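Raw contents of model-v2.txt, compact mmCIF, C-alpha atoms:
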```
# COMPACT_ATOMS: atom_id res chain seq x y z
CA MET A 47 13.84 -15.05 -18.52
CA ILE A 48 16.58 -14.62 -15.93
CA ARG A 49 16.29 -10.84 -15.96
CA VAL A 50 12.51 -11.02 -15.52
CA THR A 51 12.94 -13.42 -12.58
CA VAL A 52 15.55 -11.16 -10.99
CA GLY A 53 13.35 -8.13 -11.65
CA LEU A 54 10.31 -9.77 -10.03
CA ALA A 55 12.43 -10.89 -7.07
CA LEU A 56 13.66 -7.30 -6.58
CA LEU A 57 10.11 -5.96 -6.98
CA ILE A 58 8.60 -8.33 -4.42
CA LEU A 59 11.48 -8.56 -1.93
CA GLY A 60 12.21 -4.82 -2.15
CA SER A 61 8.68 -3.76 -1.25
CA THR A 62 8.22 -6.52 1.33
CA CYS A 63 11.53 -5.93 3.13
CA GLY A 64 11.00 -2.17 2.90
CA GLU A 65 7.53 -2.33 4.43
CA ILE A 66 8.68 -4.73 7.14
CA ALA A 67 11.51 -2.35 8.04
CA ILE A 68 9.04 0.55 8.17
CA THR A 69 6.58 -1.47 10.28
CA HIS A 70 9.37 -2.36 12.72
CA GLY A 71 10.42 1.28 12.81
CA MET A 72 6.90 2.55 13.48
CA LYS A 73 6.35 -0.04 16.23
CA SER A 74 9.56 1.07 17.96
CA VAL A 75 8.61 4.76 17.55
CA GLY A 76 5.32 4.05 19.34
CA GLU A 77 1.85 5.16 18.31
CA PRO A 78 0.69 8.76 18.55
CA ALA A 79 -0.90 9.46 21.93
CA ARG A 80 -4.05 10.64 20.17
CA LEU A 81 -5.18 11.07 16.58
CA ARG A 82 -4.99 14.86 16.55
CA PRO A 83 -2.87 16.85 14.06
CA ARG A 84 -0.38 17.95 16.73
CA ALA A 85 0.19 14.45 18.14
CA VAL A 86 0.42 12.95 14.64
CA LEU A 87 3.01 15.59 13.62
CA GLN A 88 5.04 14.79 16.72
CA PHE A 89 4.78 11.10 15.82
CA LEU A 90 6.01 11.85 12.27
CA GLY A 91 8.89 13.88 13.73
CA ARG A 92 9.97 10.87 15.77
CA ALA A 93 9.38 8.54 12.78
CA VAL A 94 11.72 10.38 10.40
CA ARG A 95 14.49 10.19 12.98
CA ASN A 96 14.17 6.41 13.09
CA GLY A 97 16.86 4.39 11.31
CA TRP A 98 14.48 1.61 10.29
CA PHE A 99 12.33 4.11 8.42
CA TRP A 100 15.36 5.16 6.35
CA THR A 101 16.23 1.49 5.78
CA GLY A 102 12.76 0.87 4.39
CA VAL A 103 12.48 3.88 2.08
CA PRO A 104 15.42 2.99 -0.26
CA LEU A 105 14.23 -0.64 -0.41
CA MET A 106 10.80 0.57 -1.53
CA ALA A 107 12.47 2.88 -4.05
CA LEU A 108 14.45 -0.11 -5.36
CA SER A 109 11.20 -2.03 -5.74
CA PHE A 110 9.62 0.87 -7.64
CA TYR A 111 12.65 1.03 -9.96
CA ALA A 112 12.37 -2.74 -10.59
CA LEU A 113 8.67 -2.19 -11.44
CA LEU A 114 9.56 0.47 -14.04
CA LEU A 115 12.19 -1.82 -15.60
CA LEU A 116 9.81 -4.79 -15.68
CA LEU A 117 7.08 -2.70 -17.29
CA SER A 118 9.52 -1.78 -20.07
CA TRP A 119 10.26 -5.48 -20.71
CA GLU A 120 6.97 -7.28 -20.14
CA PRO A 121 3.25 -6.49 -20.59
CA ILE A 122 1.54 -4.93 -17.57
CA SER A 123 -0.95 -7.85 -17.52
CA LEU A 124 1.92 -10.14 -16.52
CA VAL A 125 3.85 -7.81 -14.19
CA ILE A 126 1.06 -6.61 -11.89
CA PRO A 127 -0.56 -10.05 -11.33
CA ALA A 128 2.90 -11.46 -10.53
CA SER A 129 3.49 -8.64 -8.04
CA ALA A 130 0.41 -9.85 -6.12
CA LEU A 131 2.73 -12.53 -4.72
CA SER A 132 4.03 -9.78 -2.42
CA TYR A 133 0.89 -10.36 -0.27
CA VAL A 134 2.15 -13.86 0.48
CA ALA A 135 5.79 -12.73 0.87
CA GLY A 136 4.65 -9.93 3.20
CA THR A 137 2.62 -12.29 5.37
CA LEU A 138 5.56 -14.71 5.65
CA GLY A 139 7.78 -11.78 6.64
CA ALA A 140 5.23 -10.55 9.17
CA LYS A 141 5.09 -14.01 10.77
CA PHE A 142 8.77 -14.94 10.78
CA ILE A 143 10.50 -11.55 11.05
CA LEU A 144 8.00 -9.37 12.93
CA GLY A 145 6.65 -12.26 15.00
CA GLU A 146 2.99 -11.51 14.25
CA ASP A 147 0.47 -14.23 14.96
CA VAL A 148 -0.98 -15.11 11.54
CA SER A 149 -4.10 -17.18 12.22
CA THR A 150 -5.65 -19.60 9.73
CA ALA A 151 -8.42 -17.07 8.98
CA ARG A 152 -5.83 -14.41 8.20
CA TRP A 153 -3.87 -16.77 5.93
CA ALA A 154 -7.05 -17.71 4.08
CA GLY A 155 -7.89 -14.01 3.65
CA VAL A 156 -4.39 -13.21 2.36
CA ILE A 157 -4.49 -16.03 -0.21
CA LEU A 158 -7.92 -14.89 -1.45
CA VAL A 159 -6.71 -11.29 -1.70
CA CYS A 160 -3.57 -12.41 -3.57
CA VAL A 161 -5.53 -14.41 -6.16
CA GLY A 162 -8.19 -11.68 -6.36
CA VAL A 163 -5.65 -8.90 -7.00
CA ALA A 164 -3.96 -11.05 -9.67
CA LEU A 165 -7.31 -11.57 -11.42
CA VAL A 166 -8.33 -7.90 -11.18
CA ALA A 167 -4.94 -6.75 -12.48
CA ALA A 168 -5.06 -9.23 -15.35
CA GLY A 169 -8.28 -7.46 -16.40
CA MET B 201 -13.37 -5.38 25.86
CA ALA B 202 -13.73 -1.64 25.20
CA SER B 203 -10.11 -1.01 24.27
CA GLU B 204 -10.20 -3.94 21.84
CA LYS B 205 -13.21 -2.38 20.10
CA ARG B 206 -11.57 1.04 20.04
CA LEU B 207 -8.42 -0.47 18.50
CA ARG B 208 -10.49 -2.14 15.79
CA ILE B 209 -12.42 1.03 14.98
CA LYS B 210 -9.39 3.29 14.78
CA THR B 211 -7.54 0.70 12.65
CA LEU B 212 -10.46 0.48 10.21
CA VAL B 213 -10.74 4.28 10.04
CA MET B 214 -7.02 4.59 9.20
CA VAL B 215 -7.16 1.76 6.63
CA PHE B 216 -10.13 3.55 5.04
CA ALA B 217 -8.14 6.82 4.94
CA MET B 218 -5.22 4.91 3.39
CA VAL B 219 -7.38 3.39 0.64
CA VAL B 220 -9.11 6.70 -0.16
CA CYS B 221 -5.84 8.66 -0.28
CA ALA B 222 -4.00 6.05 -2.36
CA ASN B 223 -6.77 5.79 -4.94
CA ALA B 224 -7.45 9.53 -5.13
CA GLY B 225 -3.70 10.17 -5.44
CA ASP B 226 -3.20 7.59 -8.20
CA LEU B 227 -6.24 8.75 -10.19
CA LEU B 228 -5.24 12.44 -9.93
CA LEU B 229 -1.66 11.58 -10.92
CA LYS B 230 -2.91 9.67 -13.94
CA TYR B 231 -5.28 12.51 -14.86
CA GLY B 232 -2.56 15.14 -14.40
CA MET B 233 0.01 13.25 -16.46
CA THR B 234 -2.55 12.62 -19.22
CA GLN B 235 -3.08 16.40 -19.40
CA ILE B 236 0.68 16.84 -19.82
CA GLY B 237 0.79 14.17 -22.52
CA ALA B 238 3.34 11.51 -23.44
CA VAL B 239 6.77 12.40 -22.10
CA GLU B 240 9.70 12.22 -24.52
CA LEU B 241 12.63 10.35 -23.00
CA THR B 242 15.21 12.98 -23.93
CA PRO B 243 16.86 15.48 -21.57
CA HIS B 244 14.74 18.23 -23.12
CA GLY B 245 11.52 16.20 -22.98
CA LEU B 246 12.13 15.22 -19.36
CA SER B 247 12.89 18.76 -18.19
CA GLN B 248 9.82 20.05 -20.04
CA ALA B 249 7.66 17.37 -18.37
CA PHE B 250 9.18 18.26 -15.00
CA TRP B 251 8.31 21.97 -15.28
CA GLN B 252 4.84 21.21 -16.61
CA SER B 253 4.15 18.85 -13.71
CA VAL B 254 5.47 21.37 -11.15
CA ARG B 255 2.99 23.94 -12.50
CA SER B 256 0.04 21.53 -12.56
CA PRO B 257 -2.43 21.93 -9.67
CA THR B 258 -3.70 18.40 -10.37
CA ILE B 259 -0.23 16.95 -9.79
CA TRP B 260 0.10 18.89 -6.51
CA LEU B 261 -3.28 17.63 -5.36
CA ALA B 262 -2.14 14.10 -6.26
CA ILE B 263 1.06 14.57 -4.22
CA PHE B 264 -1.03 15.87 -1.30
CA PHE B 265 -3.16 12.69 -1.33
CA LEU B 266 -0.10 10.43 -1.71
CA ILE B 267 1.51 12.10 1.32
CA GLY B 268 -1.79 11.54 3.14
CA PHE B 269 -1.53 7.88 2.20
CA MET B 270 2.04 7.60 3.53
CA VAL B 271 1.14 9.35 6.79
CA SER B 272 -1.93 7.18 7.43
CA TYR B 273 0.06 4.07 6.48
CA MET B 274 2.90 4.89 8.89
CA THR B 275 0.44 5.83 11.63
CA VAL B 276 -1.64 2.65 11.40
CA LEU B 277 1.51 0.49 11.34
CA SER B 278 2.58 2.05 14.64
CA TRP B 279 -0.09 -0.02 16.38
CA ALA B 280 -1.57 -2.58 13.93
CA ASP B 281 -0.07 -5.75 12.40
CA TYR B 282 1.54 -5.48 8.98
CA SER B 283 -0.19 -8.76 8.08
CA TYR B 284 -3.54 -7.07 8.90
CA VAL B 285 -3.03 -3.70 7.20
CA MET B 286 -1.46 -5.00 3.97
CA PRO B 287 -4.28 -7.31 2.81
CA ALA B 288 -6.95 -4.94 4.14
CA GLY B 289 -5.51 -2.21 1.92
CA ALA B 290 -6.34 -4.36 -1.12
CA ALA B 291 -10.00 -3.31 -0.66
CA GLY B 292 -8.97 -0.38 -2.88
CA TYR B 293 -8.93 -2.63 -5.96
CA ALA B 294 -12.55 -3.58 -5.34
CA VAL B 295 -13.58 0.04 -4.67
CA LEU B 296 -11.86 1.19 -7.89
CA THR B 297 -13.75 -1.41 -9.91
CA PHE B 298 -17.10 -0.24 -8.48
CA LEU B 299 -16.19 3.41 -9.15
CA ALA B 300 -15.18 2.57 -12.72
CA VAL B 301 -18.54 0.87 -13.31
CA ILE B 302 -20.67 3.55 -11.66
CA PHE B 303 -18.96 6.74 -12.89
CA LEU B 304 -16.97 5.77 -15.98
CA HIS B 305 -19.51 3.14 -17.16
CA GLU B 306 -16.61 0.81 -17.91
CA SER B 307 -17.48 -2.75 -18.74
CA VAL B 308 -15.82 -5.23 -16.40
CA SER B 309 -14.83 -8.74 -17.49
CA PRO B 310 -16.23 -11.75 -15.56
CA ARG B 311 -12.65 -12.62 -14.58
CA ARG B 312 -12.24 -9.22 -12.94
CA TRP B 313 -15.57 -9.59 -11.09
CA VAL B 314 -14.36 -12.94 -9.71
CA GLY B 315 -11.22 -11.15 -8.54
CA VAL B 316 -13.30 -8.42 -6.85
CA VAL B 317 -15.41 -11.02 -5.01
CA LEU B 318 -12.28 -12.89 -3.85
CA ILE B 319 -10.74 -9.62 -2.59
CA CYS B 320 -13.93 -8.67 -0.71
CA VAL B 321 -14.16 -12.10 0.98
CA GLY B 322 -10.42 -12.05 1.73
CA VAL B 323 -10.55 -8.56 3.26
CA LEU B 324 -13.59 -9.54 5.38
CA LEU B 325 -11.75 -12.64 6.62
CA VAL B 326 -8.66 -10.65 7.55
CA GLY B 327 -10.86 -7.94 9.09
CA GLN B 328 -12.31 -10.52 11.50
CA THR B 329 -8.88 -11.21 13.01
CA LYS B 330 -7.31 -9.22 15.82
CA PRO B 331 -5.65 -6.06 14.40
CA ARG B 332 -2.70 -6.40 16.78
CA THR B 333 -1.03 -9.62 17.85
CA THR B 334 2.34 -8.32 19.05
CA GLU B 335 3.26 -6.37 22.14
CA VAL B 336 3.90 -2.71 21.45
CA PRO B 337 5.61 -0.25 23.76
CA THR B 338 3.24 1.66 26.00
CA GLU B 339 1.78 4.76 24.42
CA VAL B 340 4.13 7.69 24.29
CA THR B 341 2.32 10.58 25.87
CA ALA B 342 2.86 13.85 24.08
```

Reformat the file's structure so that it appears as structure tokens.
Amino acid sequence: MIRVTVGLALLILGSTCGEIAITHGMKSVGEPARLRPRAVLQFLGRAVRNGWFWTGVPLMALSFYALLLLLSWEPISLVIPASALSYVAGTLGAKFILGEDVSTARWAGVILVCVGVALVAAG
Amino acid sequence: MASEKRLRIKTLVMVFAMVVCANAGDLLLKYGMTQIGAVELTPHGLSQAFWQSVRSPTIWLAIFFLIGFMVSYMTVLSWADYSYVMPAGAAGYAVLTFLAVIFLHESVSPRRWVGVVLICVGVLLVGQTKPRTTEVPTEVTA
């Protein structure tokens, strides 16, 4: 029970923290001037030299590793629905760490998506 | 406001690209690995699986789409909110269910249909909100 809880915590926090770090990195890199291959490549060049990007990638790798471990312990119909909680964790992170303005409509949408993904994943 | 509309359109286009690439990548990866067969968890089995996957065009196509996903994800996050992009990306689950019904003639449980409806309503709700609520640095001109 403890190892499953720790595994789920690593799965959810790893992907959430990783994606928040990457979002912060991309915001500080600044958007491509235009959506043309050349400008996007230049953007990617700046992105891979950003420290936050390289903070996020290992956290996401950690989350993926936790997923593999969990899948070897528990049935997929439990693991994937539980991982849907990362929608709520991500929204909390976006609000309190990234300072995004999460309106009531957005919260309602996130909760519906979270429950919906859990139901779809449960089959 | 024109720029507001432009922001919304380019965000939706990138989220669409993200969803298409992620689903195409996952499906191709699954298809490619099924062709290779169950991997034995021994040093020999793993190295055999590695060389088989390196030679598989399906796996390379899958990797191409997954890179496309990562690029579109990073790009859209450079201007849009994480709390907008993340739930919007869940539209993929709904799309996959429709594809499974139409092309694979899979039967879908009522519980899963309820989930699909909730995702669709949730994504529409999030889609109504402003894609960007934080200040971002002025555009870097190339």

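With all atoms listed in the file as the basis for measurement, A:Gly155 is the residue among A:Gly76, A:Pro83, A:Gly155, A:Gly162 that approaches B:Gln328 most closely.
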
Residues of chain B within 8 Å of chain A, all atoms listed in the file counted, as a VMD selection string: chain B and resid 271 274 to 275 277 to 279 281 to 284 286 to 287 290 293 308 to 309 311 to 326 329 333 to 334 336 to 342

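Of the listed residues (A:Ile143, A:Ile48, A:Arg82, A:Trp119), A:Ile143 comes nearest to A:Thr62; the distances count all atoms listed in the file.
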
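Excluding B:Asn223 and any residue on its chain fewer than 4 positions from it, the residues at most 12 Å away by all atoms listed in the file are Phe216, Ala217, Met218, Val219, Leu227, Leu228, Leu229, Lys230, Ala262, Ile263, Phe265, Leu266, Gly268, Phe269, Gly289, Ala290, Ala291, Gly292, Tyr293, Ala294, Val295, Leu296, Thr297, Leu299 and Ala300 of chain B.
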
For A:Gly53, the nearest of the candidates A:Leu116, A:Leu108, A:Ile126, A:Leu131, counting all atoms listed in the file: A:Leu116

Contacts of B:Glu204 at 9 Å (all atoms listed in the file; same-chain gap of 5+ positions) as a tab-separated table (two decimals) with C-alpha atoms, in the coordinates of the input:
```tsv
chain	number	residue	atom	x	y	z
B	209	ILE	CA	-12.42	1.03	14.98
B	330	LYS	CA	-7.31	-9.22	15.82
B	331	PRO	CA	-5.65	-6.06	14.40
```
